[in-house]
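This is coords_30.txt. It holds compact mmCIF, C-alpha atoms.
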# COMPACT_ATOMS: atom_id res chain seq x y z
CA MET S 179 7.40 -12.62 16.20
CA ASP S 180 10.75 -12.41 14.51
CA LEU S 181 12.35 -10.18 11.89
CA LYS S 182 11.43 -12.50 9.06
CA TRP S 183 7.76 -12.16 9.93
CA ALA S 184 8.10 -8.40 10.36
CA LEU S 185 9.71 -8.01 6.93
CA ALA S 186 7.15 -10.24 5.22
CA PHE S 187 4.34 -8.19 6.74
CA SER S 188 6.15 -4.96 5.87
CA GLU S 189 6.41 -6.13 2.28
CA ALA S 190 2.62 -6.33 2.32
CA GLU S 191 1.63 -3.35 4.46
CA GLY S 192 4.72 -1.28 5.20
CA SER S 193 5.77 1.93 3.54
CA PHE S 194 9.31 3.20 3.14
CA PHE S 195 9.14 6.83 2.18
CA ILE S 196 10.55 10.32 2.30
CA ALA S 197 8.15 12.69 3.99
CA ILE S 198 8.22 16.28 2.81
CA ILE S 199 7.37 18.45 5.75
CA ARG S 200 6.29 22.07 5.49
CA GLU S 201 8.75 23.78 7.82
CA ALA S 202 10.87 26.89 7.69
CA LYS S 203 14.09 24.88 7.96
CA SER S 204 14.96 25.62 4.35
CA GLU S 205 14.66 28.75 2.23
CA ARG S 206 11.58 27.52 0.41
CA GLY S 207 9.93 25.99 3.45
CA PHE S 208 10.23 22.28 2.61
CA TYR S 209 12.10 19.82 4.74
CA PRO S 210 12.48 16.13 3.73
CA ARG S 211 12.63 13.41 6.39
CA PRO S 212 12.99 9.62 6.09
CA ARG S 213 10.21 7.46 7.48
CA PHE S 214 8.92 3.95 7.65
CA SER S 215 5.33 3.34 8.61
CA ILE S 216 2.60 0.75 8.78
CA THR S 217 -1.00 1.92 9.01
CA LEU S 218 -3.70 -0.54 10.05
CA LEU S 219 -7.22 -0.43 11.36
CA LYS S 220 -7.54 0.09 15.13
CA ASP S 221 -8.49 -3.56 15.57
CA ASP S 222 -4.91 -4.45 14.70
CA ARG S 223 -3.25 -2.22 17.27
CA LEU S 224 -1.90 -5.26 19.11
CA LEU S 225 -0.04 -6.39 15.99
CA LEU S 226 1.64 -2.98 15.74
CA GLU S 227 2.50 -3.08 19.45
CA ILE S 228 4.20 -6.42 18.88
CA ILE S 229 6.20 -5.05 15.93
CA ALA S 230 7.16 -2.01 18.03
CA ALA S 231 8.35 -4.35 20.80
CA LEU S 232 10.36 -6.34 18.27
CA PHE S 233 11.97 -3.17 16.93
CA GLN S 234 12.78 -2.14 20.47
CA LYS S 235 14.78 -5.35 20.91
CA TYR S 236 17.00 -4.01 18.14
CA GLU S 237 17.08 -0.58 19.80
CA ILE S 238 14.85 0.95 17.15
CA LEU S 239 12.48 3.50 18.60
CA SER S 240 9.07 3.78 16.99
CA ASN S 241 5.88 5.73 17.57
CA LEU S 242 2.41 4.26 17.75
CA GLN S 243 -0.44 6.70 17.46
CA PRO S 244 -3.98 7.04 16.12
CA ALA S 245 -4.37 7.96 12.47
CA GLY S 246 -7.79 9.46 11.92
CA LYS S 247 -10.79 7.90 13.60
CA THR S 248 -10.39 4.37 12.38
CA SER S 249 -6.69 3.61 12.04
CA VAL S 250 -3.47 3.43 13.95
CA ILE S 251 0.01 4.10 12.60
CA LEU S 252 3.38 2.73 13.63
CA SER S 253 6.22 4.90 12.41
CA VAL S 254 9.99 4.87 12.57
CA ARG S 255 11.23 8.41 12.13
CA GLY S 256 14.52 10.18 11.82
CA VAL S 257 17.78 9.26 10.17
CA ASN S 258 19.31 7.28 13.06
CA GLN S 259 16.29 5.08 13.72
CA CYS S 260 15.64 4.49 10.02
CA ARG S 261 19.30 3.53 9.54
CA LYS S 262 19.02 0.81 12.21
CA LEU S 263 15.92 -0.53 10.48
CA ALA S 264 17.55 -0.38 7.04
CA ASP S 265 20.58 -2.32 8.30
CA LEU S 266 18.29 -5.05 9.66
CA PHE S 267 16.23 -5.43 6.51
CA MET S 268 18.97 -4.91 3.92
CA PRO S 269 20.58 -8.40 4.03
CA MET S 270 17.28 -10.26 4.33
CA ARG S 271 15.41 -12.09 1.58
CA TRP S 272 12.80 -9.90 -0.10
CA TYR S 273 10.10 -11.10 -2.47
CA THR S 274 8.12 -8.08 -3.64
CA THR S 275 8.98 -5.03 -5.73
CA LYS S 276 8.84 -3.04 -2.50
CA ARG S 277 12.49 -3.97 -2.36
CA ARG S 278 13.04 -1.27 -5.00
CA ASP S 279 11.35 1.37 -2.84
CA PHE S 280 13.45 0.16 0.05
CA LEU S 281 16.69 0.49 -1.95
CA ILE S 282 15.81 4.03 -3.03
CA TRP S 283 14.92 4.83 0.59
CA GLU S 284 18.20 3.39 1.80
CA PHE S 285 20.09 5.44 -0.79
CA ALA S 286 18.23 8.54 0.39
CA LEU S 287 19.21 7.63 3.94
CA LYS S 288 22.86 7.80 2.94
CA LEU S 289 22.28 11.29 1.57
CA PHE S 290 20.49 12.28 4.77
CA GLU S 291 23.48 10.99 6.74
CA GLU S 292 25.93 12.95 4.59
CA ILE S 293 23.87 16.11 4.93
CA LYS S 294 23.71 15.60 8.68
CA LYS S 295 27.49 15.36 8.86
CA LEU S 296 28.06 18.61 6.96
CA PRO S 297 29.82 21.21 9.10
CA GLY S 298 27.85 24.08 10.56
CA THR S 299 24.58 24.09 12.41
CA GLY S 300 21.35 25.51 10.94
CA SER S 301 19.30 23.25 8.68
CA ARG S 302 18.60 26.20 6.39
CA ARG S 303 22.15 26.14 5.11
CA LYS S 304 22.32 22.38 4.76
CA TRP S 305 19.01 22.00 2.96
CA THR S 306 19.85 23.73 -0.28
CA ASP S 307 17.31 23.70 -3.09
CA GLN S 308 19.40 21.14 -4.95
CA ARG S 309 19.42 18.69 -2.03
CA ILE S 310 15.69 19.04 -1.50
CA TYR S 311 15.16 18.60 -5.22
CA ASP S 312 17.25 15.40 -5.22
CA MET S 313 15.17 13.98 -2.38
CA ALA S 314 11.92 14.86 -4.15
CA TYR S 315 13.28 13.30 -7.33
CA LEU S 316 14.14 10.07 -5.51
CA ARG S 317 10.73 10.17 -3.87
CA HIS S 318 9.11 10.52 -7.26
CA PHE S 319 10.24 6.95 -8.06
CA MET S 320 8.77 5.44 -4.88
CA ASN S 321 5.27 4.26 -3.92
CA SER S 322 3.86 5.93 -6.98
CA LEU S 323 0.32 4.65 -6.54
CA LYS S 324 -0.12 5.24 -2.84
CA LYS S 325 0.86 8.85 -2.35
CA GLN S 326 -1.39 11.14 -0.42
CA PRO S 327 -2.67 14.05 -2.55
CA LEU S 328 -1.05 16.69 -0.30
CA ALA S 329 2.33 14.91 -0.31
CA ARG S 330 2.10 14.42 -4.06
CA LYS S 331 1.41 18.14 -4.50
CA ARG S 332 4.47 19.09 -2.47
CA GLU S 333 6.61 16.67 -4.46
CA GLU S 334 5.30 18.12 -7.72
CA THR S 335 5.88 21.68 -6.52
CA ILE S 336 9.54 20.90 -5.81
CA LEU S 337 10.00 19.09 -9.10
CA GLN S 338 8.84 22.24 -10.88
CA TRP S 339 11.64 24.36 -9.49
CA GLY S 340 13.47 24.13 -12.79
CA LEU S 341 16.42 22.14 -11.43
CA GLU S 342 17.98 18.90 -12.61
CA PRO S 343 18.71 15.90 -10.39
CA SER S 344 22.36 15.47 -9.39
CA GLU S 345 24.34 13.04 -11.48
CA PHE S 346 24.84 10.57 -8.64
CA VAL S 347 21.06 10.40 -8.17
CA ILE S 348 20.55 9.68 -11.88
CA ALA S 349 23.34 7.09 -11.78
CA PHE S 350 21.77 5.33 -8.80
CA LEU S 351 18.27 5.22 -10.26
CA THR S 352 19.65 4.00 -13.57
CA SER S 353 21.55 1.24 -11.76
CA LEU S 354 18.16 0.00 -10.47
CA GLY S 355 17.01 -0.34 -14.06
CA LEU S 356 14.57 2.55 -13.84
CA ASP S 357 13.59 4.42 -16.96
CA ILE S 358 14.47 7.94 -15.87
CA HIS S 359 13.35 9.69 -19.02
CA GLY S 360 10.19 7.68 -19.52
CA SER S 361 8.78 8.49 -16.08
CA MET H 28 9.43 -18.96 0.18
CA ASP H 29 8.19 -20.91 3.17
CA LEU H 30 4.84 -21.11 4.95
CA LYS H 31 5.84 -18.70 7.68
CA TRP H 32 6.70 -15.98 5.17
CA ALA H 33 3.56 -16.78 3.20
CA LEU H 34 1.30 -16.40 6.23
CA ALA H 35 2.91 -13.11 7.30
CA PHE H 36 2.32 -11.76 3.80
CA ILE H 37 -1.19 -13.18 3.71
CA GLU H 38 -2.00 -11.47 7.00
CA GLY H 39 -1.30 -8.28 5.09
CA GLU H 40 -2.64 -8.97 1.63
CA GLY H 41 -4.61 -12.23 1.61
CA SER H 42 -8.35 -12.62 1.63
CA PHE H 43 -10.31 -15.55 3.02
CA CYS H 44 -13.77 -15.37 1.50
CA ILE H 45 -17.06 -17.09 1.09
CA VAL H 46 -17.92 -16.17 -2.48
CA LEU H 47 -21.55 -15.49 -3.24
CA THR H 48 -22.85 -15.19 -6.77
CA GLY H 49 -26.35 -14.55 -8.00
CA GLY H 50 -27.91 -15.31 -11.37
CA LYS H 51 -30.44 -18.09 -11.91
CA ARG H 52 -29.62 -19.56 -8.52
CA TRP H 53 -27.47 -18.62 -5.60
CA ARG H 54 -24.03 -20.12 -5.59
CA LEU H 55 -21.63 -20.21 -2.66
CA TYR H 56 -18.11 -21.54 -2.38
CA PRO H 57 -15.01 -20.97 -0.25
CA SER H 58 -12.08 -19.13 -1.71
CA PHE H 59 -8.73 -17.76 -0.71
CA ALA H 60 -7.30 -15.03 -2.92
CA ILE H 61 -4.47 -12.55 -3.24
CA ALA H 62 -4.34 -9.84 -5.89
CA LEU H 63 -1.17 -7.82 -6.42
CA ASN H 64 0.17 -5.33 -8.88
CA ILE H 65 1.36 -7.13 -12.01
CA HIS H 66 4.96 -6.20 -11.13
CA ASP H 67 4.69 -8.54 -8.15
CA GLU H 68 3.58 -11.52 -10.22
CA PRO H 69 6.79 -13.42 -9.22
CA VAL H 70 5.62 -13.32 -5.57
CA LEU H 71 2.41 -15.07 -6.51
CA SER H 72 4.30 -17.53 -8.71
CA ALA H 73 6.51 -18.39 -5.74
CA MET H 74 3.42 -18.81 -3.56
CA ARG H 75 1.81 -21.01 -6.19
CA ASP H 76 4.95 -23.19 -6.22
CA LEU H 77 4.84 -23.38 -2.44
CA PHE H 78 1.18 -24.45 -2.52
CA HIS H 79 1.97 -27.07 -5.15
CA GLU H 80 4.26 -28.75 -2.62
CA PHE H 81 1.14 -29.40 -0.57
CA GLU H 82 -0.87 -30.57 -3.56
CA ILE H 83 -2.84 -27.35 -3.64
CA PHE H 84 -3.45 -26.07 -7.14
CA PRO H 85 -4.49 -22.42 -7.21
CA LYS H 86 -5.89 -20.60 -10.21
CA PHE H 87 -3.50 -17.96 -11.48
CA LYS H 88 -4.35 -15.17 -13.86
CA THR H 89 -3.49 -11.63 -14.83
CA CYS H 90 -6.16 -9.01 -15.33
CA PRO H 91 -6.12 -5.67 -17.17
CA PRO H 92 -7.04 -2.48 -15.29
CA ASN H 93 -10.69 -2.39 -14.31
CA GLY H 94 -13.08 -0.68 -11.93
CA ASN H 95 -11.28 -2.12 -8.90
CA SER H 96 -7.73 -1.45 -9.96
CA ARG H 97 -6.03 1.28 -11.96
CA THR H 98 -3.15 -1.00 -12.93
CA PRO H 99 -3.01 -4.56 -14.27
CA ILE H 100 -3.06 -7.12 -11.50
CA ALA H 101 -1.91 -10.67 -10.93
CA HIS H 102 -4.45 -12.83 -9.13
CA LEU H 103 -3.97 -16.09 -7.25
CA GLU H 104 -7.01 -17.99 -6.02
CA VAL H 105 -7.48 -21.26 -4.17
CA ARG H 106 -11.06 -22.08 -4.97
CA GLY H 107 -13.54 -24.67 -3.79
CA THR H 108 -13.95 -26.90 -0.77
CA ILE H 109 -11.41 -29.58 -1.64
CA GLN H 110 -8.56 -27.17 -2.36
CA CYS H 111 -9.35 -24.85 0.53
CA ASN H 112 -9.50 -27.84 2.86
CA LYS H 113 -5.88 -28.55 2.02
CA LEU H 114 -4.90 -24.93 2.60
CA ALA H 115 -6.56 -24.34 5.97
CA PRO H 116 -4.54 -26.90 7.98
CA LEU H 117 -1.28 -25.32 6.79
CA PHE H 118 -2.15 -22.09 8.57
CA THR H 119 -4.02 -23.46 11.57
CA SER H 120 -0.90 -24.41 13.46
CA LEU H 121 1.07 -21.23 12.65
CA GLN H 122 1.13 -18.13 14.80
CA TRP H 123 -1.30 -15.45 13.70
CA TYR H 124 -0.92 -11.82 14.73
CA SER H 125 -3.55 -9.78 12.91
CA ARG H 126 -7.32 -9.60 13.18
CA LYS H 127 -7.47 -11.44 9.90
CA TYR H 128 -7.25 -14.47 12.16
CA ARG H 129 -10.92 -13.85 12.95
CA ASP H 130 -11.83 -14.05 9.27
CA PHE H 131 -9.73 -17.18 8.97
CA LEU H 132 -11.54 -18.90 11.86
CA ILE H 133 -14.95 -18.08 10.41
CA TRP H 134 -13.77 -19.26 7.01
CA GLU H 135 -12.45 -22.47 8.53
CA TYR H 136 -15.80 -23.08 10.23
CA ALA H 137 -17.63 -22.43 6.96
CA LEU H 138 -15.26 -24.91 5.30
CA LYS H 139 -16.47 -27.63 7.66
CA LEU H 140 -20.04 -26.89 6.63
CA PHE H 141 -19.08 -26.91 2.94
CA GLU H 142 -17.33 -30.23 3.48
CA GLU H 143 -20.43 -31.74 5.12
CA ILE H 144 -22.44 -30.73 2.08
CA ARG H 145 -19.81 -32.02 -0.32
CA LEU H 146 -19.90 -35.44 1.31
CA ARG H 147 -23.66 -35.81 0.89
CA PRO H 148 -24.85 -38.20 -1.83
CA HIS H 149 -26.04 -35.38 -4.12
CA PRO H 150 -24.21 -32.24 -2.98
CA LEU H 151 -25.43 -30.02 -5.80
CA CYS H 152 -29.07 -31.00 -5.47
CA HIS H 153 -31.43 -28.09 -4.80
CA LYS H 154 -32.77 -30.04 -1.80
CA VAL H 155 -29.36 -29.62 -0.16
CA TRP H 156 -29.09 -25.92 -0.90
CA VAL H 157 -32.27 -24.96 0.91
CA ASN H 158 -32.76 -21.35 1.96
CA GLN H 159 -31.65 -22.01 5.53
CA VAL H 160 -28.29 -23.37 4.38
CA ILE H 161 -27.75 -20.40 2.07
CA TYR H 162 -28.81 -18.01 4.81
CA ASP H 163 -26.34 -19.57 7.30
CA PHE H 164 -23.40 -19.22 4.91
CA VAL H 165 -24.33 -15.64 4.10
CA TYR H 166 -24.74 -14.87 7.79
CA LEU H 167 -21.23 -16.20 8.41
CA ARG H 168 -20.00 -14.23 5.42
CA SER H 169 -21.51 -11.03 6.74
CA SER H 170 -19.63 -11.57 10.01
CA MET H 171 -16.27 -11.46 8.23
CA ASN H 172 -14.37 -8.23 7.65
CA SER H 173 -13.88 -9.15 4.03
CA GLY H 174 -17.45 -10.37 3.70
CA GLY H 175 -19.24 -7.20 2.85
CA SER H 176 -16.93 -5.87 0.20
CA ARG H 177 -18.45 -7.65 -2.79
CA SER H 178 -21.90 -8.91 -3.67
CA LYS H 179 -23.24 -6.54 -1.06
CA GLU H 180 -26.65 -6.33 -2.72
CA ASN H 181 -26.97 -10.11 -2.99
CA GLN H 182 -25.91 -10.46 0.62
CA SER H 183 -28.45 -7.89 1.80
CA GLU H 184 -31.19 -9.58 -0.19
CA ILE H 185 -30.53 -12.95 1.44
CA LEU H 186 -30.18 -11.49 4.93
CA GLY H 187 -33.56 -9.88 4.33
CA TRP H 188 -35.23 -13.28 4.09
CA ASP H 189 -37.49 -14.04 6.99
CA LEU H 190 -35.06 -16.49 8.59
CA GLU H 191 -32.75 -16.70 11.60
CA PRO H 192 -29.26 -18.20 11.61
CA SER H 193 -29.09 -21.79 12.83
CA ASP H 194 -28.19 -22.29 16.48
CA HIS H 195 -24.79 -23.81 15.72
CA ILE H 196 -23.83 -20.65 13.80
CA LEU H 197 -24.78 -18.42 16.71
CA VAL H 198 -22.96 -20.66 19.20
CA PHE H 199 -19.85 -20.61 17.01
CA LEU H 200 -19.87 -16.81 16.69
CA GLU H 201 -20.48 -16.32 20.40
CA ASP H 202 -17.62 -18.65 21.21
CA LEU H 203 -15.39 -16.90 18.68
CA ASP H 204 -15.07 -13.70 20.71
CA GLY H 205 -13.86 -15.72 23.70
CA ARG H 206 -11.33 -17.60 21.56
CA LEU H 207 -9.99 -14.37 20.09
CA PHE H 208 -9.76 -12.77 23.51
CA ALA H 209 -7.73 -15.74 24.76
CA HIS H 210 -5.57 -15.60 21.62
CA GLU H 211 -4.79 -11.91 22.19
CA ARG H 212 -4.04 -12.54 25.85
CA ARG H 213 -1.54 -15.24 24.87
CA LEU H 214 0.06 -12.92 22.33
CA ARG H 215 0.39 -10.14 24.91
CA ALA H 216 1.91 -12.52 27.43
CA ALA H 217 4.35 -13.97 24.91
CA HIS H 218 5.56 -10.48 23.98
CA MET H 219 5.41 -9.13 27.51
CA LEU H 220 2.86 -6.47 26.57
CA HIS H 221 0.27 -5.22 29.00
What would the structure in this file look like if it were written as structure tokens?
Amino acid sequence: MDLKWALAFSEAEGSFFIAIIREAKSERGFYPRPRFSITLLKDDRLLLEIIAALFQKYEILSNLQPAGKTSVILSVRGVNQCRKLADLFMPMRWYTTKRRDFLIWEFALKLFEEIKKLPGTGSRRKWTDQRIYDMAYLRHFMNSLKKQPLARKREETILQWGLEPSEFVIAFLTSLGLDIHGS
Amino acid sequence: MDLKWALAFIEGEGSFCIVLTGGKRWRLYPSFAIALNIHDEPVLSAMRDLFHEFEIFPKFKTCPPNGNSRTPIAHLEVRGTIQCNKLAPLFTSLQWYSRKYRDFLIWEYALKLFEEIRLRPHPLCHKVWVNQVIYDFVYLRSSMNSGGSRSKENQSEILGWDLEPSDHILVFLEDLDGRLFAHERRLRAAHMLH
């Protein structure tokens, strides 16, 4: 297996997303994290093992674990690991509209990286309401048909905080040709 | 787009089927299909162009939202024995990774049976499509992961006939597990997985 195969399969079955975790690392108890995952039936565990081995060649660490009774999930978690994956896939030829999700995800990764670099420790200070709102707003334009009900609810809760997305977020989404006001 | 990309994508989204329709008489034919959100129509157009290079001419259509899909979809289908027989060899020699390979092997075997029928002097004659032949195809179909998703009632009705699958079908399916086991062992060895 090579990267070309892995990307083609990811275009079909992969998911680039921003998870919103319920944790007390911010004032309001939400904590966004970047993730990439592929979920398949258990019968296809070997395929995911092979993708994990391929990622490992590029020093990308991934987790392979059961998802419910029937499925298995391969996930790349955390800013550093997702960045390595993004750098691999970014220059490659894409065919599907998942490229748009990927570009939003990669933009979010840059924000995650900036937030990580901010001085001071404690995630509570770094994850201001505005930053969480921006992430939820970006997320709102991704994978719109495949969101889990719980994740969708969290996203909607954040989007009802009465904030506005930062200008650079609007500018980025507009540059992708997205209809911000029509969504 | 090249064949390698196409197969990787097909392992995710493609469907190798034996289509079964009811009505006045049972009708069976091989089909390969991919349905995507209408936004990804260019992917299917590129795949259609790729198939054209191999003289394969898929049907291409867009469908409004319906019971199976909340959004409009684009649909590419390679239908019938002659067209599917051109498609199968393209993928036989490429490396497969997913369990869809199992469906593909069953589909490929069914194709051989369809081809035998097609080459008979009167392939559409009701004397060719006797109950045993129909039963065998439906039995193969029921062994595929994608087999049970549609026409489930028709399939159950036919499998309820007082028949048994032909010996060659049973031999093929028994042999299939061994082939897949060997395939997985080769994959593990090639990727140094234990």
Near chain H, meaning an atom within 10 Å, which residues of chain S appear when counting all atoms listed in the file? Write them as a CSV table (one decimal) with C-alpha atoms, in the frame of the given file.
chain,number,residue,atom,x,y,z
S,179,MET,CA,7.4,-12.6,16.2
S,182,LYS,CA,11.4,-12.5,9.1
S,183,TRP,CA,7.8,-12.2,9.9
S,184,ALA,CA,8.1,-8.4,10.4
S,185,LEU,CA,9.7,-8.0,6.9
S,186,ALA,CA,7.2,-10.2,5.2
S,187,PHE,CA,4.3,-8.2,6.7
S,188,SER,CA,6.2,-5.0,5.9
S,189,GLU,CA,6.4,-6.1,2.3
S,190,ALA,CA,2.6,-6.3,2.3
S,191,GLU,CA,1.6,-3.4,4.5
S,192,GLY,CA,4.7,-1.3,5.2
S,218,LEU,CA,-3.7,-0.5,10.0
S,219,LEU,CA,-7.2,-0.4,11.4
S,220,LYS,CA,-7.5,0.1,15.1
S,221,ASP,CA,-8.5,-3.6,15.6
S,222,ASP,CA,-4.9,-4.4,14.7
S,223,ARG,CA,-3.2,-2.2,17.3
S,224,LEU,CA,-1.9,-5.3,19.1
S,225,LEU,CA,0.0,-6.4,16.0
S,226,LEU,CA,1.6,-3.0,15.7
S,227,GLU,CA,2.5,-3.1,19.4
S,228,ILE,CA,4.2,-6.4,18.9
S,229,ILE,CA,6.2,-5.0,15.9
S,231,ALA,CA,8.4,-4.4,20.8
S,232,LEU,CA,10.4,-6.3,18.3
S,271,ARG,CA,15.4,-12.1,1.6
S,272,TRP,CA,12.8,-9.9,-0.1
S,273,TYR,CA,10.1,-11.1,-2.5
S,274,THR,CA,8.1,-8.1,-3.6
S,275,THR,CA,9.0,-5.0,-5.7
S,276,LYS,CA,8.8,-3.0,-2.5
S,323,LEU,CA,0.3,4.6,-6.5
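Ranking H:Ile109, H:Ile133, H:Ala60, H:Leu117 by their shortest atom-to-atom distance to Leu203 in chain H, with all atoms listed in the file included, puts H:Ile133 first.
Shell of Ile144 in chain H at 12 Å, with all atoms listed in the file counted and residues fewer than 5 places along the chain excluded, is Leu55, Tyr56, Thr108, Ile109, Ala137, Leu138, Lys139, His149, Pro150, Leu151, Cys152, His153, Lys154, Val155, Trp156, Val157, Val160, Ile161 and Phe164 of chain H.
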Serialized selection, C-alpha atoms, as an mmCIF file, in the coordinates of the input:
data_model
loop_
_atom_site.group_PDB
_atom_site.id
_atom_site.type_symbol
_atom_site.label_atom_id
_atom_site.label_comp_id
_atom_site.auth_asym_id
_atom_site.auth_seq_id
_atom_site.Cartn_x
_atom_site.Cartn_y
_atom_site.Cartn_z
ATOM 1 C CA LEU H 55 -21.630 -20.210 -2.660
ATOM 2 C CA TYR H 56 -18.110 -21.540 -2.380
ATOM 3 C CA THR H 108 -13.950 -26.900 -0.770
ATOM 4 C CA ILE H 109 -11.410 -29.580 -1.640
ATOM 5 C CA ALA H 137 -17.630 -22.430 6.960
ATOM 6 C CA LEU H 138 -15.260 -24.910 5.300
ATOM 7 C CA LYS H 139 -16.470 -27.630 7.660
ATOM 8 C CA HIS H 149 -26.040 -35.380 -4.120
ATOM 9 C CA PRO H 150 -24.210 -32.240 -2.980
ATOM 10 C CA LEU H 151 -25.430 -30.020 -5.800
ATOM 11 C CA CYS H 152 -29.070 -31.000 -5.470
ATOM 12 C CA HIS H 153 -31.430 -28.090 -4.800
ATOM 13 C CA LYS H 154 -32.770 -30.040 -1.800
ATOM 14 C CA VAL H 155 -29.360 -29.620 -0.160
ATOM 15 C CA TRP H 156 -29.090 -25.920 -0.900
ATOM 16 C CA VAL H 157 -32.270 -24.960 0.910
ATOM 17 C CA VAL H 160 -28.290 -23.370 4.380
ATOM 18 C CA ILE H 161 -27.750 -20.400 2.070
ATOM 19 C CA PHE H 164 -23.400 -19.220 4.910
#
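Take the candidates S:Leu289, S:Leu328, S:Ala314, S:Met320 and check each one against Tyr209 in chain S using all atoms listed in the file; the shortest distance goes to S:Ala314.
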Enclosing box along x, y and z for every listed atom of range 243-255 of chain S, padded 3 Å each side, centre and size in Å, one decimal, as JSON:
{"center_x": 0.2, "center_y": 6.1, "center_z": 14.7, "size_x": 28.0, "size_y": 12.7, "size_z": 11.5}
